[in-house]
file entry_21.txt (compact mmCIF, C-alpha atoms)
# COMPACT_ATOMS: atom_id res chain seq x y z
CA MET A 156 1.62 44.37 -4.59
CA ARG A 157 0.05 44.17 -8.04
CA ILE A 158 1.83 41.74 -10.38
CA ILE A 159 -0.65 42.18 -13.21
CA ASP A 160 -4.37 42.91 -13.07
CA GLY A 161 -5.89 39.88 -11.35
CA ILE A 162 -2.70 38.58 -9.68
CA TYR A 163 -1.52 40.24 -6.47
CA GLN A 164 1.43 39.37 -4.25
CA LEU A 165 0.68 39.57 -0.54
CA LEU A 166 3.03 39.16 2.44
CA THR A 167 2.59 37.46 5.81
CA PRO A 168 5.41 37.49 8.41
CA PHE A 169 6.94 34.55 10.23
CA PRO A 170 6.06 34.51 13.96
CA GLN A 171 9.41 35.98 15.04
CA PHE A 172 9.08 39.03 12.76
CA THR A 173 6.80 42.06 12.86
CA ILE A 174 4.86 43.01 9.75
CA GLU A 175 7.00 46.13 9.36
CA ASP A 176 10.28 44.21 9.67
CA ALA A 177 9.13 41.57 7.18
CA LYS A 178 8.14 44.22 4.65
CA ALA A 179 11.46 46.01 5.08
CA LEU A 180 13.36 42.74 4.58
CA ARG A 181 11.30 42.02 1.48
CA ARG A 182 12.46 45.31 -0.05
CA GLN A 183 16.07 44.79 1.05
CA LEU A 184 16.33 41.25 -0.32
CA GLN A 185 15.11 42.28 -3.75
CA GLU A 186 17.55 45.18 -3.87
CA HIS A 187 20.46 43.21 -2.35
CA PRO A 188 19.89 39.43 -2.66
CA ARG A 189 21.57 37.40 0.08
CA VAL A 190 21.13 34.22 2.08
CA THR A 191 19.33 34.89 5.36
CA LYS A 192 19.46 32.74 8.49
CA GLY A 193 15.81 31.79 8.58
CA LEU A 194 12.94 33.09 6.47
CA PRO A 195 11.20 36.33 7.44
CA TYR A 196 7.99 36.09 5.41
CA VAL A 197 5.72 34.13 3.08
CA LEU A 198 4.31 35.52 -0.18
CA PRO A 199 0.72 34.34 -0.70
CA TYR A 200 -0.92 35.24 -4.00
CA LEU A 201 -4.41 36.64 -4.45
CA LEU A 202 -5.99 35.60 -7.76
CA LYS A 203 -9.01 37.77 -8.40
CA ASP A 204 -10.90 38.13 -11.66
CA GLY A 205 -14.49 38.02 -12.90
CA GLY A 206 -15.96 37.62 -9.42
CA ASP A 207 -13.64 34.70 -8.55
CA VAL A 208 -11.37 35.02 -5.51
CA VAL A 209 -8.63 32.42 -4.96
CA LEU A 210 -5.75 32.51 -2.51
CA VAL A 211 -2.54 30.52 -3.05
CA ASP A 212 -0.88 29.74 0.31
CA CYS A 213 -1.60 31.78 3.43
CA GLY A 214 1.04 31.86 6.16
CA TRP A 215 1.30 30.94 9.83
CA ASN A 216 -1.81 31.10 12.00
CA THR A 217 -0.79 34.11 14.05
CA ASP A 218 -2.71 37.34 14.60
CA SER A 219 0.04 39.38 12.94
CA ALA A 220 0.06 37.13 9.86
CA TYR A 221 -3.74 37.31 9.63
CA GLN A 222 -3.60 41.11 10.02
CA ALA A 223 -1.04 41.33 7.22
CA LEU A 224 -3.17 39.10 4.99
CA GLU A 225 -6.31 41.12 5.69
CA GLU A 226 -4.52 44.41 5.01
CA GLY A 227 -2.99 43.08 1.82
CA MET A 228 -6.30 41.81 0.49
CA ARG A 229 -8.02 45.07 1.43
CA GLU A 230 -5.55 46.98 -0.75
CA HIS A 231 -6.95 45.04 -3.70
CA GLY A 232 -10.63 45.32 -2.78
CA SER A 233 -11.07 41.96 -1.03
CA HIS A 234 -11.32 40.44 2.44
CA PRO A 235 -10.37 36.95 3.69
CA SER A 236 -14.08 36.17 4.03
CA ASP A 237 -14.33 36.52 0.22
CA ILE A 238 -11.95 33.62 -0.48
CA GLN A 239 -13.71 30.92 -2.49
CA ARG A 240 -10.77 28.55 -2.88
CA LEU A 241 -7.50 28.21 -0.96
CA VAL A 242 -4.82 26.34 -2.92
CA ILE A 243 -1.96 25.11 -0.74
CA THR A 244 1.31 24.51 -2.60
CA HIS A 245 2.41 22.23 0.27
CA ILE A 246 1.44 21.67 3.89
CA HIS A 247 4.46 23.08 5.71
CA PRO A 248 3.27 25.40 8.50
CA ASP A 249 4.28 28.66 6.82
CA HIS A 250 2.12 27.86 3.78
CA TYR A 251 -0.75 25.94 5.38
CA GLY A 252 -0.87 27.25 8.95
CA MET A 253 -3.78 29.65 8.52
CA ALA A 254 -5.89 27.27 6.43
CA GLY A 255 -8.32 26.29 9.21
CA ARG A 256 -8.83 29.89 10.24
CA LEU A 257 -9.62 30.95 6.67
CA LYS A 258 -11.89 27.93 6.16
CA GLN A 259 -13.92 28.90 9.22
CA LEU A 260 -14.11 32.50 8.09
CA SER A 261 -14.98 31.99 4.42
CA SER A 262 -16.10 28.35 3.97
CA CYS A 263 -13.56 28.23 1.13
CA ASP A 264 -12.63 25.04 -0.70
CA VAL A 265 -9.21 23.97 0.60
CA ALA A 266 -7.19 22.21 -2.11
CA VAL A 267 -4.09 20.13 -1.26
CA HIS A 268 -2.24 17.48 -3.24
CA GLU A 269 -3.21 13.96 -2.18
CA LYS A 270 0.37 13.05 -1.18
CA ASP A 271 0.48 15.89 1.34
CA ALA A 272 -3.09 15.21 2.43
CA GLU A 273 -1.96 11.75 3.56
CA VAL A 274 0.22 13.15 6.36
CA ILE A 275 -1.93 16.01 7.68
CA ALA A 276 -3.45 13.83 10.42
CA THR A 277 -0.18 12.44 11.77
CA ARG A 278 1.65 15.75 11.48
CA TYR A 279 -0.97 18.13 12.87
CA PHE A 280 -3.88 16.33 14.52
CA ALA A 281 -2.01 13.52 16.35
CA PRO A 282 1.71 14.35 16.24
CA ARG A 283 2.85 12.43 19.34
CA ALA A 284 3.39 9.19 17.41
CA LEU A 285 5.42 11.10 14.82
CA THR A 286 7.63 12.57 17.54
CA ASP A 287 8.36 9.10 18.93
CA GLU A 288 9.04 7.79 15.44
CA MET A 289 11.38 10.73 14.74
CA ALA A 290 13.35 9.99 17.92
CA ARG A 291 13.99 6.43 16.74
CA PHE A 292 14.78 7.71 13.25
CA MET A 293 17.35 10.21 14.56
CA GLU A 294 19.03 7.54 16.69
CA MET A 295 19.25 5.28 13.63
CA ASN A 296 21.04 8.03 11.73
CA GLY A 297 23.71 8.60 14.35
CA VAL A 298 22.33 11.56 16.30
CA PRO A 299 23.87 11.56 19.83
CA PRO A 300 21.41 10.49 22.56
CA MET A 301 21.45 13.89 24.30
CA ALA A 302 20.45 15.69 21.09
CA THR A 303 17.83 13.15 19.98
CA PRO A 304 14.83 14.30 22.11
CA GLN A 305 15.15 17.95 21.07
CA MET A 306 15.69 17.10 17.41
CA ALA A 307 12.74 14.70 17.42
CA GLN A 308 10.55 17.59 18.57
CA GLY A 309 11.89 19.72 15.71
CA SER A 310 9.33 22.44 14.95
CA MET A 311 6.59 20.79 17.04
CA GLY A 312 6.70 23.79 19.36
CA MET A 313 5.22 25.84 16.51
CA LEU A 314 2.09 23.70 16.15
CA GLY A 315 0.18 26.33 18.10
CA ALA A 316 0.59 28.53 15.03
CA VAL A 317 -1.10 25.99 12.76
CA ALA A 318 -4.88 25.75 12.33
CA ALA A 319 -5.02 22.46 10.46
CA VAL A 320 -8.03 21.42 8.41
CA PRO A 321 -8.63 18.40 6.14
CA PRO A 322 -8.67 19.34 2.45
CA ASP A 323 -11.95 19.57 0.58
CA THR A 324 -10.21 18.83 -2.71
CA GLN A 325 -7.30 16.45 -3.13
CA LEU A 326 -5.20 17.30 -6.17
CA LYS A 327 -3.27 14.83 -8.31
CA GLY A 328 -1.56 17.20 -10.74
CA GLY A 329 -2.78 17.94 -14.24
CA GLU A 330 -6.00 19.62 -13.10
CA THR A 331 -6.97 23.01 -14.51
CA PHE A 332 -9.14 25.64 -12.91
CA LYS A 333 -10.36 29.04 -14.00
CA VAL A 334 -10.18 32.31 -12.13
CA GLY A 335 -12.17 34.70 -14.27
CA ASP A 336 -10.23 34.92 -17.52
CA PHE A 337 -7.20 33.06 -16.12
CA ASP A 338 -6.53 29.38 -16.75
CA PHE A 339 -4.31 27.71 -14.15
CA GLU A 340 -2.78 24.25 -14.48
CA VAL A 341 -1.71 22.29 -11.41
CA ILE A 342 1.77 20.77 -11.84
CA TRP A 343 2.85 18.16 -9.28
CA THR A 344 6.45 18.89 -8.26
CA PRO A 345 7.42 16.52 -5.42
CA GLY A 346 10.69 16.95 -3.55
CA HIS A 347 10.41 19.72 -0.96
CA SER A 348 7.29 17.86 0.14
CA PRO A 349 5.69 14.74 -1.37
CA GLY A 350 2.69 16.73 -2.58
CA HIS A 351 4.21 20.06 -3.56
CA VAL A 352 2.47 21.72 -6.51
CA CYS A 353 3.17 24.67 -8.81
CA LEU A 354 0.52 26.63 -10.74
CA TYR A 355 1.05 27.58 -14.38
CA GLU A 356 -0.92 30.20 -16.32
CA PRO A 357 0.09 29.62 -19.97
CA ASN A 358 -1.71 32.63 -21.47
CA ARG A 359 0.19 35.11 -19.29
CA LYS A 360 3.23 32.81 -19.06
CA ILE A 361 3.30 33.03 -15.26
CA LEU A 362 4.43 30.24 -12.91
CA LEU A 363 3.66 30.21 -9.18
CA THR A 364 6.36 28.00 -7.70
CA GLY A 365 5.72 27.83 -3.95
CA ASP A 366 9.03 26.65 -2.48
CA HIS A 367 10.00 24.53 -5.50
CA ILE A 368 12.01 27.31 -7.16
CA LEU A 369 13.28 30.27 -5.12
CA PRO A 370 15.48 33.12 -6.38
CA THR A 371 18.63 32.75 -4.26
CA ILE A 372 18.16 29.82 -1.87
CA THR A 373 17.25 26.21 -2.51
CA PRO A 374 14.37 24.54 -0.67
CA ASN A 375 15.15 21.99 2.00
CA VAL A 376 14.72 18.55 0.44
CA SER A 377 14.79 16.09 3.31
CA ILE A 378 14.27 12.54 4.41
CA HIS A 379 12.50 12.02 7.72
CA ALA A 380 10.50 9.31 9.45
CA GLN A 381 7.52 9.62 7.08
CA THR A 382 9.55 9.78 3.87
CA HIS A 383 9.36 7.14 1.16
CA GLY A 384 11.73 6.80 -1.80
CA SER A 385 14.23 9.44 -2.88
CA PRO A 386 12.90 12.99 -2.43
CA LEU A 387 15.98 14.59 -3.98
CA GLY A 388 15.61 12.32 -6.99
CA ASP A 389 11.96 13.40 -7.15
CA TYR A 390 13.01 17.04 -6.85
CA MET A 391 15.56 16.85 -9.66
CA ARG A 392 13.01 15.15 -11.91
CA SER A 393 10.43 17.81 -10.97
CA LEU A 394 12.84 20.51 -12.10
CA GLU A 395 13.08 18.77 -15.47
CA ALA A 396 9.28 18.82 -15.74
CA LEU A 397 9.37 22.65 -15.77
CA VAL A 398 12.31 23.23 -18.12
CA ASP A 399 10.27 23.42 -21.32
CA LEU A 400 7.49 25.65 -19.96
CA ASP A 401 7.10 29.01 -21.68
CA VAL A 402 7.45 31.29 -18.64
CA LYS A 403 8.13 35.01 -18.47
CA LEU A 404 7.57 35.51 -14.74
CA VAL A 405 8.24 33.21 -11.78
CA LEU A 406 6.32 33.98 -8.58
CA PRO A 407 7.83 32.11 -5.59
CA ALA A 408 6.49 31.94 -2.03
CA HIS A 409 9.63 33.50 -0.51
CA GLU A 410 12.14 36.19 -1.41
CA PHE A 411 11.00 37.91 -4.66
CA GLU A 412 9.91 37.29 -8.25
CA ILE A 413 12.34 36.39 -11.05
CA THR A 414 12.13 36.27 -14.85
CA ASP A 415 14.57 33.61 -16.09
CA LEU A 416 13.17 30.19 -15.13
CA GLN A 417 15.62 28.12 -17.16
CA LYS A 418 18.64 29.94 -15.73
CA ARG A 419 17.46 29.40 -12.17
CA ILE A 420 16.80 25.70 -12.83
CA ARG A 421 20.37 25.32 -14.14
CA GLU A 422 21.71 27.09 -11.05
CA ILE A 423 19.76 24.83 -8.69
CA LYS A 424 20.84 21.68 -10.52
CA ASP A 425 24.48 22.83 -10.43
CA HIS A 426 24.15 23.55 -6.70
CA HIS A 427 22.93 20.02 -6.02
CA GLU A 428 25.64 18.46 -8.17
CA ILE A 429 28.27 20.32 -6.15
CA ARG A 430 26.54 19.36 -2.89
CA LEU A 431 26.36 15.70 -3.95
CA ASP A 432 30.12 15.66 -4.58
CA GLU A 433 30.70 17.37 -1.21
CA MET A 434 28.49 14.87 0.62
CA LEU A 435 30.31 11.98 -1.05
CA ALA A 436 33.67 13.42 0.00
CA CYS A 437 32.43 13.62 3.62
CA VAL A 438 31.74 9.86 3.81
CA ASP A 439 34.56 7.88 5.44
CA ARG A 440 36.00 4.93 3.58
CA GLY A 441 34.79 2.65 6.35
CA GLY A 442 31.35 4.24 6.44
CA SER A 443 29.65 7.22 8.10
CA THR A 444 26.27 8.04 9.61
CA ALA A 445 24.17 10.94 8.30
CA TRP A 446 24.91 12.88 11.52
CA GLU A 447 28.66 12.53 10.92
CA VAL A 448 28.35 13.64 7.30
CA ALA A 449 26.11 16.60 8.23
CA GLY A 450 28.73 17.72 10.75
CA ARG A 451 31.41 17.86 8.05
CA VAL A 452 29.38 19.65 5.37
CA LYS A 453 29.83 23.42 4.96
CA TRP A 454 26.37 24.91 5.46
CA ALA A 455 25.67 28.44 4.20
CA THR A 456 24.23 29.47 7.58
CA GLY A 457 26.91 28.05 9.91
CA LYS A 458 28.05 24.82 11.55
CA LEU A 459 25.78 21.93 12.53
CA GLU A 460 26.63 22.18 16.24
CA GLU A 461 25.64 25.88 16.22
CA PHE A 462 22.15 25.26 14.78
CA GLU A 463 18.95 25.20 16.79
CA PRO A 464 17.47 21.67 17.11
CA TRP A 465 14.92 22.15 14.32
CA MET A 466 17.68 23.35 11.97
CA GLN A 467 19.86 20.40 12.96
CA ARG A 468 17.00 18.09 12.08
CA ALA A 469 16.59 19.83 8.72
CA ALA A 470 20.34 19.53 8.07
CA VAL A 471 20.35 15.80 8.87
CA GLY A 472 17.26 15.32 6.71
CA GLU A 473 18.82 17.19 3.80
CA THR A 474 22.03 15.19 4.20
CA LEU A 475 20.01 11.96 4.09
CA ALA A 476 18.22 13.07 0.92
CA HIS A 477 21.57 13.61 -0.80
CA LEU A 478 22.99 10.33 0.48
CA GLU A 479 19.89 8.44 -0.68
CA TYR A 480 20.13 10.05 -4.12
CA LEU A 481 23.81 9.05 -4.30
CA PHE A 482 22.68 5.52 -3.44
CA GLU A 483 20.06 5.72 -6.20
CA LEU A 484 22.80 6.80 -8.62
CA GLY A 485 24.99 3.88 -7.55
CA ARG A 486 27.67 6.08 -5.97
CA LEU A 487 27.06 4.98 -2.37
CA ALA A 488 26.11 1.79 -0.57
CA LYS A 489 24.35 1.54 2.80
CA VAL A 490 24.37 -1.00 5.61
CA MET A 491 22.84 -1.38 9.07
CA ARG A 492 25.37 -1.89 11.86
CA GLY A 493 23.40 -2.74 14.95
CA LYS A 494 20.71 -0.05 15.16
CA GLN A 495 22.51 2.54 13.06
CA LEU A 496 22.56 3.17 9.31
CA TYR A 497 25.97 3.69 7.69
CA TRP A 498 26.78 4.95 4.21
CA LEU A 499 29.83 3.67 2.32
CA PRO A 500 31.56 4.76 -0.89
CA VAL A 501 31.21 2.32 -3.77
call {"tool": "encode", "arguments": {"input": "entry_21.txt", "output": "structure tokens"}}
result
Amino acid sequence: MRIIDGIYQLLTPFPQFTIEDAKALRRQLQEHPRVTKGLPYVLPYLLKDGGDVVLVDCGWNTDSAYQALEEGMREHGSHPSDIQRLVITHIHPDHYGMAGRLKQLSSCDVAVHEKDAEVIATRYFAPRALTDEMARFMEMNGVPPMATPQMAQGSMGMLGAVAAVPPDTQLKGGETFKVGDFDFEVIWTPGHSPGHVCLYEPNRKILLTGDHILPTITPNVSIHAQTHGSPLGDYMRSLEALVDLDVKLVLPAHEFEITDLQKRIREIKDHHEIRLDEMLACVDRGGSTAWEVAGRVKWATGKLEEFEPWMQRAAVGETLAHLEYLFELGRLAKVMRGKQLYWLPV
């Protein structure tokens, strides 16, 4: 789909969806916005001007996703072999999965933020140690022993749909690059991942937001075995970094485009304030584990015990991110009792 001349929105389906179903859902969600249980598609962006061809994000490494990407690029006079640079907003499989395949096909420069580049090896090239570490991490946060092995695996079963490749360029944030007559600025927006980036084109007042800002849902901001610091604190501060940008059009990597950046930022901040209060109310006076809190929270897509293991892991990780941010704000304390971490109201 043409956004403006030189910027084109493509679509690649998740592995469990056909191209046709993903396209139909794309149309339905824009006409009737709603929360879906799982994401049906990714929206890569083709930047093409003055002989330059850049792709932002790509999708899973499946034949159907590649076919959709190839068809989408062909509609705008290009082919994946033409890609000169592939900018990855973050290295989650749905955004980064096809990177190795496209690198082999086009010899493109793969650009990833340095914070995400740090974990590519342990997440994709040698994940066994991460799985073991996640099992210990889940046990520490109160996950019952029977559920721990499955939750430690999480989405590891989908690694076959990821063609990982080391980045050629490691971004820091603040870089600018040209695509023909376009000038894009890289903005580091940690939270959803440590190295998440957005791309801002000030002349056209367009912001490509990856998963940082989505129209109706909020990105999963989690703590897991490789996390350092307070990712939700980082995320909230990253939202503030975008508030003063002059933006007329927001192009996210899921759902559909929106026009009011400031309104959506306010909505997301309000959502997290409500969720923080809810998390705090779910902590027992004598202390609770993250698993216990996650089981009491009202999730938009159902109850914790009904989720698949990878969704349970995401829910526990998101719960931990909120609890850690409450600790950062001085509203919770934490203590180790034996091998388990408990959170306590202050």
call {"tool": "residues_around", "arguments": {"input": "entry_21.txt", "residues": "stretch 403-408 of chain A", "least_positions_apart": "3", "cutoff": "6 Å", "atoms": "only C-alpha atoms", "output": "JSON, numbers by chain"}}
result
{"A": [197, 198, 360, 361, 362, 363, 364, 365, 366, 369, 412, 413, 414]}
call {"tool": "closest_residue", "arguments": {"input": "entry_21.txt", "among": "A:Leu314, A:Ala449, A:Cys353, A:Met491", "to": "A:Glu473", "atoms": "only C-alpha atoms"}}
result
A:Ala449
call {"tool": "closest_residue", "arguments": {"input": "entry_21.txt", "among": "A:Glu395, A:Ile372, A:Gly472, A:His379", "to": "A:Val190", "atoms": "all atoms listed in the file"}}
result
A:Ile372
call {"tool": "closest_residue", "arguments": {"input": "entry_21.txt", "among": "A:Thr444, A:Gln222, A:Thr373, A:Gln259", "to": "A:Lys494", "atoms": "all atoms listed in the file"}}
result
A:Thr444
call {"tool": "residues_near_point", "arguments": {"input": "entry_21.txt", "point": "(35.3, -0.5, 8.4)", "cutoff": "12 Å", "atoms": "only C-alpha atoms", "output": "VMD selection string"}}
result
chain A and resid 438 to 443 490 492 497 to 500
call {"tool": "write_last_selection", "arguments": {"input": "entry_21.txt", "atoms": "C-alpha atoms", "output": "PDB file, keeping the file's coordinate frame"}}
result
ATOM      1  CA  VAL A 438      31.740   9.860   3.810  1.00  0.00           C
ATOM      2  CA  ASP A 439      34.560   7.880   5.440  1.00  0.00           C
ATOM      3  CA  ARG A 440      36.000   4.930   3.580  1.00  0.00           C
ATOM      4  CA  GLY A 441      34.790   2.650   6.350  1.00  0.00           C
ATOM      5  CA  GLY A 442      31.350   4.240   6.440  1.00  0.00           C
ATOM      6  CA  SER A 443      29.650   7.220   8.100  1.00  0.00           C
ATOM      7  CA  VAL A 490      24.370  -1.000   5.610  1.00  0.00           C
ATOM      8  CA  ARG A 492      25.370  -1.890  11.860  1.00  0.00           C
ATOM      9  CA  TYR A 497      25.970   3.690   7.690  1.00  0.00           C
ATOM     10  CA  TRP A 498      26.780   4.950   4.210  1.00  0.00           C
ATOM     11  CA  LEU A 499      29.830   3.670   2.320  1.00  0.00           C
ATOM     12  CA  PRO A 500      31.560   4.760  -0.890  1.00  0.00           C
TER      13      PRO A 500
END
call {"tool": "decode", "arguments": {"input": "entry_21.txt", "residues": "stretch 400-410 of chain A", "atoms": "all heavy atoms", "output": "PDB file, in the first residue's frame"}}
result
ATOM      1  N   LEU A 400       7.755  15.666  19.177  1.00  0.00           N
ATOM      2  CA  LEU A 400       8.019  15.548  17.747  1.00  0.00           C
ATOM      3  C   LEU A 400       6.833  16.088  16.949  1.00  0.00           C
ATOM      4  O   LEU A 400       5.671  15.892  17.318  1.00  0.00           O
ATOM      5  CB  LEU A 400       8.262  14.090  17.352  1.00  0.00           C
ATOM      6  CG  LEU A 400       9.538  13.418  17.844  1.00  0.00           C
ATOM      7  CD1 LEU A 400       9.606  11.992  17.298  1.00  0.00           C
ATOM      8  CD2 LEU A 400      10.782  14.193  17.434  1.00  0.00           C
ATOM      9  N   ASP A 401       7.132  16.753  15.863  1.00  0.00           N
ATOM     10  CA  ASP A 401       6.095  17.245  14.950  1.00  0.00           C
ATOM     11  C   ASP A 401       5.760  16.109  13.983  1.00  0.00           C
ATOM     12  O   ASP A 401       6.479  15.864  13.016  1.00  0.00           O
ATOM     13  CB  ASP A 401       6.612  18.473  14.199  1.00  0.00           C
ATOM     14  CG  ASP A 401       5.525  19.142  13.362  1.00  0.00           C
ATOM     15  OD1 ASP A 401       4.366  18.682  13.420  1.00  0.00           O
ATOM     16  OD2 ASP A 401       5.841  20.107  12.637  1.00  0.00           O
ATOM     17  N   VAL A 402       4.673  15.396  14.273  1.00  0.00           N
ATOM     18  CA  VAL A 402       4.320  14.192  13.510  1.00  0.00           C
ATOM     19  C   VAL A 402       2.882  14.301  13.023  1.00  0.00           C
ATOM     20  O   VAL A 402       1.975  14.603  13.792  1.00  0.00           O
ATOM     21  CB  VAL A 402       4.488  12.925  14.379  1.00  0.00           C
ATOM     22  CG1 VAL A 402       3.954  11.686  13.647  1.00  0.00           C
ATOM     23  CG2 VAL A 402       5.948  12.730  14.760  1.00  0.00           C
ATOM     24  N   LYS A 403       2.700  14.037  11.739  1.00  0.00           N
ATOM     25  CA  LYS A 403       1.355  14.006  11.165  1.00  0.00           C
ATOM     26  C   LYS A 403       0.862  12.589  10.916  1.00  0.00           C
ATOM     27  O   LYS A 403      -0.342  12.356  10.838  1.00  0.00           O
ATOM     28  CB  LYS A 403       1.321  14.792   9.851  1.00  0.00           C
ATOM     29  CG  LYS A 403       1.452  16.297  10.022  1.00  0.00           C
ATOM     30  CD  LYS A 403       1.246  17.016   8.702  1.00  0.00           C
ATOM     31  CE  LYS A 403       1.271  18.534   8.889  1.00  0.00           C
ATOM     32  NZ  LYS A 403       1.096  19.254   7.594  1.00  0.00           N
ATOM     33  N   LEU A 404       1.814  11.634  10.768  1.00  0.00           N
ATOM     34  CA  LEU A 404       1.429  10.267  10.464  1.00  0.00           C
ATOM     35  C   LEU A 404       2.335   9.295  11.208  1.00  0.00           C
ATOM     36  O   LEU A 404       3.559   9.386  11.118  1.00  0.00           O
ATOM     37  CB  LEU A 404       1.505  10.013   8.957  1.00  0.00           C
ATOM     38  CG  LEU A 404       0.992   8.659   8.471  1.00  0.00           C
ATOM     39  CD1 LEU A 404      -0.494   8.483   8.788  1.00  0.00           C
ATOM     40  CD2 LEU A 404       1.226   8.514   6.965  1.00  0.00           C
ATOM     41  N   VAL A 405       1.721   8.366  11.938  1.00  0.00           N
ATOM     42  CA  VAL A 405       2.442   7.326  12.664  1.00  0.00           C
ATOM     43  C   VAL A 405       2.256   6.003  11.923  1.00  0.00           C
ATOM     44  O   VAL A 405       1.121   5.580  11.671  1.00  0.00           O
ATOM     45  CB  VAL A 405       1.911   7.189  14.112  1.00  0.00           C
ATOM     46  CG1 VAL A 405       2.602   6.025  14.824  1.00  0.00           C
ATOM     47  CG2 VAL A 405       2.123   8.492  14.879  1.00  0.00           C
ATOM     48  N   LEU A 406       3.378   5.362  11.578  1.00  0.00           N
ATOM     49  CA  LEU A 406       3.354   4.100  10.850  1.00  0.00           C
ATOM     50  C   LEU A 406       3.897   2.993  11.748  1.00  0.00           C
ATOM     51  O   LEU A 406       5.106   2.835  11.886  1.00  0.00           O
ATOM     52  CB  LEU A 406       4.201   4.204   9.573  1.00  0.00           C
ATOM     53  CG  LEU A 406       3.773   5.275   8.562  1.00  0.00           C
ATOM     54  CD1 LEU A 406       4.741   5.316   7.394  1.00  0.00           C
ATOM     55  CD2 LEU A 406       2.342   5.019   8.073  1.00  0.00           C
ATOM     56  N   PRO A 407       3.015   2.219  12.393  1.00  0.00           N
ATOM     57  CA  PRO A 407       3.449   1.144  13.284  1.00  0.00           C
ATOM     58  C   PRO A 407       3.706  -0.143  12.514  1.00  0.00           C
ATOM     59  O   PRO A 407       3.378  -0.261  11.326  1.00  0.00           O
ATOM     60  CB  PRO A 407       2.258   0.994  14.224  1.00  0.00           C
ATOM     61  CG  PRO A 407       1.080   1.312  13.354  1.00  0.00           C
ATOM     62  CD  PRO A 407       1.549   2.367  12.371  1.00  0.00           C
ATOM     63  N   ALA A 408       4.247  -1.145  13.196  1.00  0.00           N
ATOM     64  CA  ALA A 408       4.556  -2.429  12.568  1.00  0.00           C
ATOM     65  C   ALA A 408       3.416  -3.428  12.698  1.00  0.00           C
ATOM     66  O   ALA A 408       3.525  -4.547  12.181  1.00  0.00           O
ATOM     67  CB  ALA A 408       5.843  -3.009  13.148  1.00  0.00           C
ATOM     68  N   HIS A 409       2.345  -3.069  13.373  1.00  0.00           N
ATOM     69  CA  HIS A 409       1.169  -3.929  13.485  1.00  0.00           C
ATOM     70  C   HIS A 409      -0.075  -3.054  13.429  1.00  0.00           C
ATOM     71  O   HIS A 409      -0.016  -1.840  13.620  1.00  0.00           O
ATOM     72  CB  HIS A 409       1.173  -4.714  14.802  1.00  0.00           C
ATOM     73  CG  HIS A 409       2.342  -5.619  14.980  1.00  0.00           C
ATOM     74  ND1 HIS A 409       2.508  -6.779  14.275  1.00  0.00           N
ATOM     75  CD2 HIS A 409       3.427  -5.520  15.792  1.00  0.00           C
ATOM     76  CE1 HIS A 409       3.639  -7.372  14.642  1.00  0.00           C
ATOM     77  NE2 HIS A 409       4.220  -6.619  15.554  1.00  0.00           N
ATOM     78  N   GLU A 410      -1.188  -3.677  13.172  1.00  0.00           N
ATOM     79  CA  GLU A 410      -2.491  -3.022  13.125  1.00  0.00           C
ATOM     80  C   GLU A 410      -2.598  -2.076  11.936  1.00  0.00           C
ATOM     81  O   GLU A 410      -2.698  -2.522  10.799  1.00  0.00           O
ATOM     82  CB  GLU A 410      -2.802  -2.332  14.458  1.00  0.00           C
ATOM     83  CG  GLU A 410      -2.869  -3.322  15.627  1.00  0.00           C
ATOM     84  CD  GLU A 410      -3.406  -2.717  16.886  1.00  0.00           C
ATOM     85  OE1 GLU A 410      -2.867  -1.681  17.349  1.00  0.00           O
ATOM     86  OE2 GLU A 410      -4.376  -3.265  17.423  1.00  0.00           O
TER      87      GLU A 410
END
